[in-house]
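Colleague: For reference, this is query_10.txt, and it has compact mmCIF, C-alpha atoms and all ligand atoms.
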# COMPACT_ATOMS: atom_id res chain seq x y z
CA MET Z 28 59.92 -36.89 42.68
CA LYS Z 29 56.60 -36.80 40.80
CA VAL Z 30 54.05 -39.36 41.95
CA ILE Z 31 53.16 -41.53 38.97
CA ASP Z 32 49.78 -42.91 39.89
CA PHE Z 33 48.62 -45.87 37.81
CA ARG Z 34 45.86 -46.92 40.23
CA SER Z 35 43.04 -45.62 38.06
CA ASP Z 36 42.08 -43.08 35.41
CA THR Z 37 39.58 -41.74 37.97
CA ILE Z 38 42.40 -39.75 39.58
CA THR Z 39 42.48 -37.35 36.60
CA GLN Z 40 41.84 -33.78 37.65
CA PRO Z 41 39.71 -31.24 35.77
CA THR Z 42 41.53 -29.15 33.18
CA GLU Z 43 41.83 -25.36 33.29
CA GLU Z 44 39.16 -25.14 30.60
CA MET Z 45 36.83 -27.31 32.70
CA ARG Z 46 37.37 -25.17 35.78
CA ARG Z 47 36.61 -22.03 33.77
CA ALA Z 48 33.48 -23.59 32.28
CA MET Z 49 32.34 -24.58 35.77
CA TYR Z 50 32.82 -21.03 37.03
CA GLU Z 51 30.96 -19.53 34.13
CA ALA Z 52 28.17 -22.12 33.84
CA ASN Z 53 24.58 -20.94 33.48
CA VAL Z 54 22.57 -22.90 36.00
CA GLY Z 55 19.03 -23.54 37.19
CA ASP Z 56 17.15 -26.12 39.24
CA ASP Z 57 17.69 -29.41 37.42
CA VAL Z 58 14.95 -31.22 39.36
CA TYR Z 59 12.59 -28.82 37.55
CA GLY Z 60 14.51 -29.54 34.31
CA GLU Z 61 15.67 -25.92 34.32
CA ASP Z 62 19.44 -26.21 34.35
CA PRO Z 63 20.50 -25.20 30.83
CA THR Z 64 24.00 -26.65 31.22
CA VAL Z 65 22.74 -30.05 32.40
CA ASN Z 66 20.24 -30.04 29.54
CA ALA Z 67 22.98 -29.24 27.06
CA LEU Z 68 25.20 -32.04 28.41
CA GLU Z 69 22.35 -34.55 28.25
CA GLN Z 70 21.55 -33.53 24.67
CA LEU Z 71 25.19 -33.77 23.66
CA ALA Z 72 25.54 -37.26 25.16
CA ALA Z 73 22.35 -38.51 23.53
CA GLN Z 74 23.48 -37.12 20.19
CA MET Z 75 26.98 -38.63 20.43
CA LEU Z 76 25.58 -42.08 21.21
CA LYS Z 77 22.59 -41.70 18.87
CA LYS Z 78 20.03 -42.31 21.61
CA GLY Z 79 16.72 -40.50 22.15
CA ALA Z 80 17.64 -39.01 25.50
CA ALA Z 81 20.21 -38.99 28.30
CA LEU Z 82 20.34 -38.46 32.05
CA PHE Z 83 23.18 -36.95 34.06
CA THR Z 84 23.91 -39.07 37.15
CA ALA Z 85 26.33 -38.94 40.06
CA SER Z 86 28.36 -41.95 39.00
CA GLY Z 87 28.64 -44.99 36.79
CA THR Z 88 27.36 -47.06 39.67
CA MET Z 89 24.23 -44.93 39.85
CA SER Z 90 23.70 -45.13 36.08
CA ASN Z 91 23.95 -48.92 36.11
CA LEU Z 92 21.57 -49.15 39.06
CA LEU Z 93 19.03 -46.87 37.37
CA ALA Z 94 19.26 -48.99 34.22
CA VAL Z 95 18.42 -52.13 36.20
CA LEU Z 96 15.60 -50.38 38.08
CA SER Z 97 14.12 -49.09 34.82
CA HIS Z 98 14.46 -52.26 32.74
CA THR Z 99 13.31 -54.84 35.31
CA HIS Z 100 10.80 -55.76 38.00
CA ARG Z 101 11.54 -57.27 41.41
CA SER Z 102 12.28 -61.03 41.23
CA ASP Z 103 13.44 -60.81 37.61
CA GLU Z 104 16.76 -62.42 36.76
CA ILE Z 105 19.45 -60.44 34.96
CA LEU Z 106 22.41 -61.94 33.10
CA LEU Z 107 25.80 -60.41 33.44
CA GLY Z 108 29.43 -61.36 32.92
CA SER Z 109 31.18 -63.20 35.74
CA GLU Z 110 33.87 -60.50 35.72
CA SER Z 111 31.52 -57.56 35.29
CA HIS Z 112 31.84 -54.36 37.28
CA MET Z 113 28.11 -54.48 38.05
CA PHE Z 114 28.55 -57.87 39.73
CA TRP Z 115 31.85 -57.20 41.51
CA TYR Z 116 32.00 -53.57 42.50
CA GLU Z 117 28.54 -52.06 42.85
CA VAL Z 118 27.72 -53.25 46.36
CA GLY Z 119 25.11 -55.68 45.07
CA GLY Z 120 22.83 -52.70 44.39
CA ALA Z 121 20.89 -54.44 41.64
CA SER Z 122 19.81 -57.12 44.13
CA ALA Z 123 19.60 -54.97 47.25
CA LEU Z 124 17.62 -52.11 45.72
CA GLY Z 125 16.26 -53.61 42.49
CA GLY Z 126 15.29 -56.97 43.98
CA VAL Z 127 16.65 -58.85 40.97
CA VAL Z 128 18.67 -62.06 40.89
CA MET Z 129 22.10 -61.52 39.40
CA ARG Z 130 23.07 -64.57 37.36
CA THR Z 131 26.59 -64.54 36.04
CA VAL Z 132 27.70 -66.13 32.78
CA PRO Z 133 31.48 -66.61 32.34
CA ASN Z 134 33.40 -63.78 30.71
CA ASP Z 135 36.17 -64.95 28.42
CA GLN Z 136 39.57 -63.21 28.31
CA ASP Z 137 38.23 -60.76 25.72
CA GLY Z 138 35.48 -59.51 28.00
CA GLN Z 139 32.87 -61.26 25.88
CA ILE Z 140 30.24 -63.66 27.13
CA ASP Z 141 29.75 -66.75 25.00
CA LEU Z 142 26.39 -66.25 23.32
CA ASN Z 143 25.51 -69.94 23.44
CA MET Z 144 25.94 -69.78 27.20
CA VAL Z 145 23.77 -66.66 27.32
CA GLU Z 146 21.07 -68.48 25.39
CA GLU Z 147 21.26 -71.48 27.73
CA ALA Z 148 21.00 -69.21 30.77
CA ILE Z 149 17.80 -67.50 29.57
CA ARG Z 150 14.91 -69.01 31.52
CA THR Z 151 12.03 -70.67 29.79
CA LYS Z 152 8.49 -70.06 30.91
CA ASN Z 153 7.95 -72.05 34.11
CA ILE Z 154 5.99 -71.21 37.24
CA HIS Z 155 9.05 -71.94 39.39
CA TYR Z 156 11.42 -69.61 37.58
CA PRO Z 157 12.23 -65.94 37.86
CA GLN Z 158 11.88 -64.23 34.51
CA THR Z 159 15.06 -63.31 32.63
CA THR Z 160 14.62 -59.74 31.44
CA LEU Z 161 18.03 -58.07 31.02
CA LEU Z 162 21.46 -58.80 29.59
CA CYS Z 163 24.31 -56.56 30.69
CA LEU Z 164 27.51 -56.11 28.68
CA GLU Z 165 30.63 -54.10 29.49
CA ASN Z 166 32.84 -52.16 27.05
CA THR Z 167 35.75 -51.69 27.59
CA HIS Z 168 35.90 -54.54 30.03
CA ASN Z 169 37.54 -53.46 33.25
CA ARG Z 170 38.48 -56.74 34.96
CA CYS Z 171 39.37 -58.34 31.62
CA GLY Z 172 42.10 -55.73 31.13
CA GLY Z 173 40.40 -52.97 29.17
CA THR Z 174 39.35 -55.32 26.39
CA VAL Z 175 37.13 -53.99 23.63
CA LEU Z 176 33.85 -55.49 22.49
CA THR Z 177 33.39 -55.04 18.76
CA ALA Z 178 30.26 -53.65 17.13
CA ASP Z 179 29.64 -57.10 15.59
CA TYR Z 180 29.73 -58.87 18.95
CA THR Z 181 27.47 -56.28 20.57
CA SER Z 182 24.97 -56.54 17.70
CA ALA Z 183 24.92 -60.33 17.86
CA ALA Z 184 24.42 -60.27 21.64
CA ALA Z 185 21.61 -57.75 21.31
CA GLU Z 186 19.94 -59.72 18.53
CA LEU Z 187 19.95 -62.83 20.70
CA ALA Z 188 18.67 -60.95 23.76
CA HIS Z 189 15.91 -59.24 21.83
CA LYS Z 190 14.83 -62.53 20.26
CA HIS Z 191 14.12 -63.72 23.82
CA ASN Z 192 12.50 -60.43 24.90
CA LEU Z 193 15.42 -59.34 27.06
CA HIS Z 194 16.61 -55.76 27.14
CA VAL Z 195 20.31 -54.99 26.78
CA HIS Z 196 22.20 -52.58 28.98
CA LEU Z 197 25.76 -51.68 28.06
CA ASP Z 198 28.02 -50.58 30.90
CA GLY Z 199 30.21 -48.34 28.78
CA ALA Z 200 32.07 -46.62 31.60
CA ARG Z 201 35.01 -46.45 29.14
CA ILE Z 202 33.04 -46.65 25.87
CA PHE Z 203 35.09 -43.83 24.34
CA ASN Z 204 38.27 -45.80 24.99
CA ALA Z 205 36.67 -48.64 23.03
CA ALA Z 206 35.64 -46.32 20.21
CA VAL Z 207 39.10 -44.74 19.97
CA ALA Z 208 40.77 -48.19 20.08
CA LEU Z 209 38.62 -49.33 17.15
CA GLY Z 210 38.80 -46.00 15.32
CA ILE Z 211 35.02 -45.71 15.01
CA PRO Z 212 32.38 -43.40 16.53
CA ALA Z 213 31.09 -44.61 19.91
CA SER Z 214 27.56 -44.67 18.49
CA GLU Z 215 28.53 -47.68 16.35
CA LEU Z 216 29.13 -49.64 19.55
CA THR Z 217 25.91 -48.67 21.28
CA GLY Z 218 23.27 -48.75 18.54
CA ASP Z 219 21.83 -52.15 19.39
CA SER Z 220 21.76 -51.70 23.17
CA ASP Z 221 18.56 -50.43 24.77
CA SER Z 222 20.60 -48.38 27.21
CA VAL Z 223 24.21 -47.40 27.68
CA CYS Z 224 26.08 -45.46 30.31
CA PHE Z 225 29.53 -43.91 30.35
CA CYS Z 226 31.71 -42.09 32.86
CA LEU Z 227 32.90 -38.51 32.53
CA SER Z 228 35.16 -38.87 35.54
CA LYS Z 229 37.62 -41.46 34.23
CA GLY Z 230 39.88 -40.89 31.23
CA LEU Z 231 37.73 -37.96 30.16
CA SER Z 232 39.01 -36.11 33.24
CA ALA Z 233 35.82 -34.41 34.45
CA PRO Z 234 35.54 -34.25 38.25
CA VAL Z 235 32.15 -35.96 38.66
CA GLY Z 236 29.44 -37.72 36.78
CA SER Z 237 28.16 -40.22 34.33
CA LEU Z 238 25.48 -40.29 31.64
CA LEU Z 239 22.82 -42.88 31.10
CA CYS Z 240 21.38 -42.91 27.57
CA GLY Z 241 18.37 -44.63 26.03
CA THR Z 242 14.94 -43.94 24.61
CA GLY Z 243 12.95 -40.96 25.85
CA GLU Z 244 10.59 -43.27 27.71
CA PHE Z 245 13.42 -45.18 29.37
CA ILE Z 246 15.13 -41.97 30.48
CA GLU Z 247 11.86 -40.65 31.90
CA SER Z 248 11.66 -43.76 34.07
CA ALA Z 249 15.35 -43.56 35.03
CA ARG Z 250 14.90 -39.91 35.98
CA LYS Z 251 12.18 -40.86 38.44
CA TRP Z 252 14.32 -43.66 39.92
CA ARG Z 253 17.23 -41.24 40.19
CA LYS Z 254 15.01 -38.99 42.31
CA MET Z 255 14.10 -41.93 44.53
CA VAL Z 256 17.71 -42.93 45.20
CA GLY Z 257 18.51 -39.34 46.13
CA GLY Z 258 20.20 -38.31 42.91
CA GLY Z 259 18.02 -35.32 42.03
CA MET Z 260 20.59 -32.51 42.03
CA ARG Z 261 19.74 -28.83 41.82
CA GLN Z 262 22.24 -26.41 40.18
CA ALA Z 263 24.15 -29.40 38.81
CA GLY Z 264 25.21 -27.33 35.79
CA VAL Z 265 28.30 -26.42 37.78
CA ILE Z 266 29.57 -29.98 37.35
CA ALA Z 267 27.84 -30.69 34.04
CA ALA Z 268 29.84 -27.82 32.50
CA ALA Z 269 33.04 -29.80 32.99
CA GLY Z 270 31.34 -32.79 31.39
CA ILE Z 271 30.64 -30.83 28.21
CA VAL Z 272 34.30 -29.82 27.99
CA ALA Z 273 35.23 -33.48 28.60
CA LEU Z 274 33.12 -34.69 25.68
CA GLU Z 275 34.31 -31.91 23.41
CA THR Z 276 38.03 -32.03 24.14
CA MET Z 277 39.03 -35.26 25.89
CA VAL Z 278 37.85 -38.09 23.64
CA GLU Z 279 40.44 -38.10 20.86
CA ARG Z 280 43.39 -37.79 23.22
CA LEU Z 281 42.53 -41.18 24.76
CA GLU Z 282 44.69 -42.63 21.98
CA GLU Z 283 47.67 -41.15 23.83
CA ASP Z 284 46.72 -43.15 26.95
CA HIS Z 285 46.50 -46.29 24.83
CA SER Z 286 49.90 -45.73 23.29
CA ASN Z 287 51.38 -45.03 26.75
CA ALA Z 288 49.80 -48.26 28.01
CA ARG Z 289 51.40 -50.22 25.16
CA HIS Z 290 54.75 -48.66 25.98
CA LEU Z 291 54.32 -49.45 29.67
CA ALA Z 292 53.34 -53.06 28.94
CA GLN Z 293 56.37 -53.56 26.70
CA GLY Z 294 58.68 -52.10 29.35
CA LEU Z 295 57.16 -54.09 32.22
CA GLY Z 296 57.44 -57.26 30.14
CA ARG Z 297 61.22 -56.75 29.92
CA ILE Z 298 61.69 -56.52 33.71
CA PRO Z 299 62.56 -59.90 35.26
CA GLY Z 300 59.97 -60.97 37.82
CA ILE Z 301 57.06 -59.22 36.06
CA THR Z 302 54.69 -60.80 33.54
CA VAL Z 303 52.10 -58.77 31.67
CA THR Z 304 48.96 -60.88 31.46
CA ASN Z 305 46.79 -58.99 28.95
CA LYS Z 306 46.41 -61.35 26.02
CA GLU Z 307 46.64 -58.30 23.80
CA LEU Z 308 46.72 -54.72 24.98
CA GLN Z 309 43.67 -52.94 23.58
CA SER Z 310 43.16 -49.77 25.61
CA ASN Z 311 44.51 -48.17 28.80
CA ILE Z 312 44.55 -51.02 31.35
CA VAL Z 313 47.68 -53.12 31.84
CA MET Z 314 47.38 -56.26 33.98
CA PHE Z 315 50.53 -57.82 35.37
CA GLU Z 316 51.68 -60.45 37.82
CA LEU Z 317 54.77 -60.87 39.98
CA SER Z 318 56.71 -64.09 39.90
CA ALA Z 319 56.64 -66.23 43.05
CA SER Z 320 60.10 -65.00 44.09
CA VAL Z 321 58.75 -61.47 44.73
CA THR Z 322 56.20 -60.83 47.46
CA ALA Z 323 53.40 -58.42 46.64
CA ALA Z 324 53.90 -56.59 49.94
CA GLU Z 325 57.57 -55.96 49.17
CA PHE Z 326 56.75 -54.81 45.66
CA SER Z 327 54.11 -52.37 46.91
CA GLN Z 328 56.38 -51.06 49.63
CA GLN Z 329 59.23 -50.48 47.17
CA THR Z 330 57.14 -48.91 44.41
CA ASN Z 331 55.28 -46.66 46.85
CA ALA Z 332 58.63 -45.52 48.26
CA HIS Z 333 59.61 -44.63 44.67
CA ASN Z 334 56.34 -42.75 44.12
CA VAL Z 335 54.86 -45.23 41.67
CA ARG Z 336 51.37 -46.45 42.56
CA PHE Z 337 49.56 -49.48 41.20
CA GLY Z 338 46.17 -51.00 41.90
CA SER Z 339 46.39 -54.30 43.76
CA ARG Z 340 44.18 -57.09 42.45
CA GLY Z 341 44.96 -59.44 45.30
CA GLY Z 342 47.83 -61.91 45.58
CA GLN Z 343 50.55 -61.38 42.95
CA LYS Z 344 48.23 -59.48 40.63
CA PHE Z 345 48.36 -55.76 39.90
CA ARG Z 346 46.83 -53.31 37.49
CA ALA Z 347 48.16 -50.14 35.87
CA VAL Z 348 45.83 -47.67 34.20
CA THR Z 349 47.18 -44.89 32.01
CA HIS Z 350 45.52 -41.48 31.84
CA ARG Z 351 46.00 -37.78 31.12
CA MET Z 352 48.09 -37.11 34.25
CA ILE Z 353 50.77 -39.56 33.04
CA SER Z 354 52.88 -38.51 30.04
CA ALA Z 355 55.04 -40.64 27.76
CA ALA Z 356 58.08 -39.35 29.65
CA ASP Z 357 56.46 -40.43 32.92
CA ILE Z 358 56.17 -43.96 31.55
CA ASP Z 359 59.93 -44.05 30.99
CA ALA Z 360 60.55 -42.62 34.45
CA ALA Z 361 58.21 -45.16 36.03
CA LEU Z 362 59.89 -48.05 34.20
CA ASN Z 363 63.31 -46.89 35.43
CA ARG Z 364 62.04 -46.66 38.99
CA ILE Z 365 60.36 -50.08 38.81
CA GLU Z 366 63.58 -51.61 37.56
CA VAL Z 367 65.40 -50.15 40.57
CA CYS Z 368 62.66 -51.48 42.86
CA MET Z 369 62.96 -55.00 41.47
CA LYS Z 370 66.76 -54.92 41.88
CA ASN Z 371 66.36 -53.78 45.51
CA ILE Z 372 63.90 -56.58 46.17
CA LYS Z 373 66.22 -59.16 44.63
CA GLN Z 374 69.15 -57.91 46.75
CA GLU Z 375 67.09 -58.03 49.91
CA GLY Z 376 65.70 -61.45 49.08
C1 LIG U 401 34.31 -47.30 37.03
C2 LIG U 401 33.31 -48.22 36.45
C3 LIG U 401 31.98 -48.14 36.83
C4 LIG U 401 31.46 -47.28 37.96
O1 LIG U 401 31.73 -45.97 37.86
P1 LIG U 401 31.75 -45.03 39.16
O2 LIG U 401 31.59 -43.70 38.56
O3 LIG U 401 33.09 -45.26 39.79
O4 LIG U 401 30.63 -45.43 40.04
C5 LIG U 401 31.09 -48.99 36.20
N1 LIG U 401 31.50 -49.86 35.28
C6 LIG U 401 32.78 -49.97 34.90
C7 LIG U 401 33.15 -50.94 33.85
C8 LIG U 401 33.74 -49.16 35.49
O5 LIG U 401 35.01 -49.28 35.12
In structure tokens, what does this structure look like?
Ligand SMILES: *Cc1c(COP(=O)(O)O)cnc(C)c1O
Modeller:
Amino acid sequence: MKVIDFRSDTITQPTEEMRRAMYEANVGDDVYGEDPTVNALEQLAAQMLKKGAALFTASGTMSNLLAVLSHTHRSDEILLGSESHMFWYEVGGASALGGVVMRTVPNDQDGQIDLNMVEEAIRTKNIHYPQTTLLCLENTHNRCGGTVLTADYTSAAAELAHKHNLHVHLDGARIFNAAVALGIPASELTGDSDSVCFCLSKGLSAPVGSLLCGTGEFIESARKWRKMVGGGMRQAGVIAAAGIVALETMVERLEEDHSNARHLAQGLGRIPGITVTNKELQSNIVMFELSASVTAAEFSQQTNAHNVRFGSRGGQKFRAVTHRMISAADIDAALNRIEVCMKNIKQEG
């Protein structure tokens, strides 16, 4: 029985074309700026997001950290959403390594941060205060269920931030999911941000890597910080080659993941004991909850035994992410298996 793994789109494996490109990649020492494949990937990313320059990094976490290190000074305060990935899942790196205070402002269900609250959180000039220097946004919003920030919202947030001399960093790990969901080029969602990063290794299916994009000056600074945190890679063209294939061939197909997610959400919603909690499904992340009559441990045990994997969000909450390794037919198969699981649980209970 095929394992249908909804834990994350990071489990996607490189395509045949990526593996071939990796084998054939022209490489050089990227710390000297001499890897032609890395240079080509960085140029492609910068061009797609209409930024001056880009930097290939090991991960989204590294890109976000480099953005903080480049935009801020120690003891600055940065504003970020209460549900943001940077706050929850990046080991506190911004504080530990960047020396900044992370101040959260509540995310609403749409992954937005109320701009009045942002404005209230920005520090005035006062000898006692840290200085607020950076606002971080996230699109699509992971913990808010793959919700999409619109170009209008992003522009308004950036306008406010810039008015108060803050920079804006956009954690766009899944920015191409957002662009595809809205049917617009990703560059329309990133124009007003001073920096943006995205992951190659999620829905785009490359094995490794992320790109951080911004002005030439910003990227020069980020490149130096990357060296300091140990991210200066040598013949990195071997992995960058897969990233080029990802950007050239994997963006448009994300729509398929979104349509599979909608189908999954509809099916899950029809199974007694399961409630889908996305207010509206916008991309490839389905959030759901079990009713009190079903224990999470039993559910996980049953679904794992039927080769269906979900991400646990603690308590009764789970997450399902659709991606290239799950077809429309797999969604139907998974729904059938989940229905069987829920019946088994009911009988046992
Ligand atoms: C996955 C993710 C990251 C981090 O990416 P890694 O490559 O896993 O370090 C950052 N932000 C968001 C919103 C993510 O979903």
Colleague: Can you write out as a Markdown table which residues of chain Z fall within 6 Å of ligand LIG 401 (chain U), alongside each residue's closest atom pair and its distance in Å to one decimal, counting only C-alpha atoms and all ligand atoms and ordering rows by chain and ascending residue number?
Modeller:
| residue | atom | partner | partner_atom | distance |
| --- | --- | --- | --- | --- |
| Z:Ser86 | CA | U:LIG401 | O2 | 3.7 |
| Z:Gly87 | CA | U:LIG401 | O1 | 3.4 |
| Z:Thr88 | CA | U:LIG401 | O4 | 3.7 |
| Z:His112 | CA | U:LIG401 | N1 | 4.9 |
| Z:Glu165 | CA | U:LIG401 | C7 | 5.9 |
| Z:His168 | CA | U:LIG401 | C7 | 5.9 |
| Z:Asn169 | CA | U:LIG401 | C7 | 5.1 |
| Z:Asp198 | CA | U:LIG401 | N1 | 5.6 |
| Z:Ala200 | CA | U:LIG401 | C6 | 4.8 |
| Z:Cys226 | CA | U:LIG401 | O2 | 5.9 |
Colleague: Pick out the residues sitting within 8 Å of Leu193 of chain Z, and hand them over as a VMD selection string; count only C-alpha atoms, and ignore anything fewer than 4 positions along from it in its own chain.
Modeller: chain Z and resid 159 to 162 188 to 189
Colleague: Under the rule that all atoms listed in the file are counted, which of Z:Gly241, Z:Pro234, Z:Gly294, Z:Pro212 is the nearest residue to Thr37 of chain Z?
Modeller: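 Smallest distance to Thr37 of chain Z is found for Z:Pro234.
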Colleague: One decimal, in Å: what's the spacing between atom CA of Ile149 of chain Z and atom CA of Thr167 of chain Z?
Modeller: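 Here the two named atoms are 24.0 Å from each other.
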Colleague: In terms of the shortest atom-to-atom distance over only C-alpha atoms, which of Z:Gly173, Z:Pro299, Z:Gly258, Z:Gly120 is closest to Thr349 of chain Z?
Modeller: Z:Gly173
Colleague: Choose the residue, out of Z:His98, Z:Lys152, Z:Arg170, Z:Lys229, that has the smallest atom-to-atom separation from His196 of chain Z; count all atoms listed in the file.
Modeller: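 Using all atoms listed in the file, His196 of chain Z sits closest to Z:His98.
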Colleague: May I ask which of the residues Z:Val335, Z:Ser222, Z:Ser122, Z:Gly210 is the closest one to Arg101 of chain Z, counting only C-alpha atoms?
Modeller: Z:Ser122
Colleague: Taking all atoms listed in the file into account, which of Z:Gly230, Z:Gly338, Z:Gly257, Z:Gly300 comes nearest Met369 of chain Z?
Modeller: Z:Gly300
Colleague: Find, counting only C-alpha atoms, the residue in Z:His191, Z:Gly342, Z:Arg34, Z:Ala332 that gets nearest to Ala148 of chain Z.
Modeller: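 Under the stated criterion, the closest residue is Z:His191.
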Colleague: For atom CA of Gln343 of chain Z and atom CA of Gly108 of chain Z, determine how far apart the two atoms are, in Å to one decimal place.
Modeller: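 It comes out at 23.4 Å.
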Colleague: If we count all atoms listed in the file, what is near Phe83 of chain Z at a cut-off of 8 Å, once residues fewer than 4 positions away on the same chain are taken out, given as a list of chain:residue names?
Modeller: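 The filter keeps Z:Val65, Z:Leu68, Z:Glu69, Z:Gly236, Z:Ser237, Z:Leu238, Z:Leu239, Z:Ala267.
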Colleague: Which polymer residues have any atom within 9 Å of an atom of Asp221 of chain Z, counting only C-alpha atoms, with same-chain residues fewer than 3 positions away left out, as a PyMOL selection string?
Modeller: chain Z and resi 78+185+194-197+217-218+240-242+245
